[in-house]
Each structure stands twice: as C-alpha cells, then as structure tokens.
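J.: Structure in structure tokens, see below.
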Amino acid sequence: MGRAQTVDEYIEGFSGPGRELLEQLRALAHEAVPQASEAIKWGYPAWVHPSGTILLMVSGHAKHVSVAFTPSTRNEFDADLAGFATGKGTVKLPYGQPVPVDLLRRMIAFRVREHEDEGVLWM
C-alpha cells in the first residue's frame, strides 16, 4: 500500500499504543477545533482552519507520536513542555505515558488565536 490518502488510512496503518494515541489526538483535535477539516499534508494527518491554513499535524513513530504546531506556539508553552522532548515546533508524546490533554487543548486554542488574530500561517 502507498501513502495514506485519508486520516483513517493513516491511523489504520498503526496498531497498539500508536493507534490508540493517534485516535485520542484525533478526538482531541475535533473537540478543540470542530470547524477544522482533516487532511493529509506531506503524508501526515493535519487539521486545517477553514481559511486553508494548517493548525496542527501529527505523525506516528516507533516509540512516540509527534504533534507539530508552529514554532511560536511551541515556544509559548516552553515551560509547560519541560518534561517532553521537543523540536522546532514539535512535541514528542511517548507511548505508555499520560497524554497532557489539558496542555494540548491550550496549545491548540493558542494556535487558533495566533492564526485568526495575528495572521500566523504555517511554517
């Protein structure tokens, strides 16, 4: 099978804790930004603002799922993310550890505000 064409196909490519975490993050994204649509961008699930701008993306890996925001969103929550491995705009969520649901909700809300109020686009 080639690259996933839908978020359903992407998630179906995982099993066990990876699939569970991807499904949990999908539900969280739908709850936090119900107006966003799902899409596959660069091979990964993304949630897209009605304006067409990517709000966040996720990617599954062998031992974690990465959630990608803009660097400005990730930087805004730097202190809250002290216990997580992070990248330029990403947060690694290791399998088998509690998911910081409230923190992710706040990050998503910030990302929506920075786009809608300040015009911050994707990277």
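Residues in the structure tokens are named by chain (A, B, ... in the order shown) and by number from 1 within that chain; ligands are numbered from 1 in the order shown.
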Could you pull the residues within 12 Å of Thr70 of chain A, counting only C-alpha atoms, minus those fewer than 4 positions along the same chain, as a list in words?

T.: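 Listed by chain and then number, they are Thr53, Ile54, Leu55, Leu56, Met57, Arg74, Asn75, Glu76, Phe77, Gly87, Lys88, Gly89, Thr90, Val91, Met107, Ile108, Phe110, Arg111, Val112, Glu114, His115, Val120, Leu121, Trp122 and Met123 of chain A.
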
J.: Mind checking DSSP for segment 24-103 of chain A and telling me the helix (DSSP H, G or I) residues as number ranges by chain?

T.: A: 24-32, 71-76, 101-103

J.: Give me every strand (DSSP E) residue in segment 38-99 of chain A, going by DSSP on the backbone, as an MDAnalysis selection string.

T.: chainID A and resid 38:41 44:48 54:60 64:68 90:94

J.: With only C-alpha atoms as the counted atoms, please give the residues lying no more than 8 Å from Gln35 of chain A, apart from itself and same-chain residues fewer than 2 positions off, as a PyMOL selection string.

T.: chain A and resi 33+37+49-50

J.: Which of these, A:Gln97, A:Arg105, A:Ala27, A:Gly60, has the shortest distance to Glu12 of chain A once you count only C-alpha atoms?

T.: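 Of A:Gln97, A:Arg105, A:Ala27, A:Gly60, the one nearest Glu12 of chain A is A:Gly60, counting only C-alpha atoms.
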
J.: Could you check which of A:Ile40, A:Leu25, A:Ala46, A:Val65 is closest to Leu93 of chain A, using only C-alpha atoms?

T.: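 Of A:Ile40, A:Leu25, A:Ala46, A:Val65, the one nearest Leu93 of chain A, counting only C-alpha atoms, is A:Val65.
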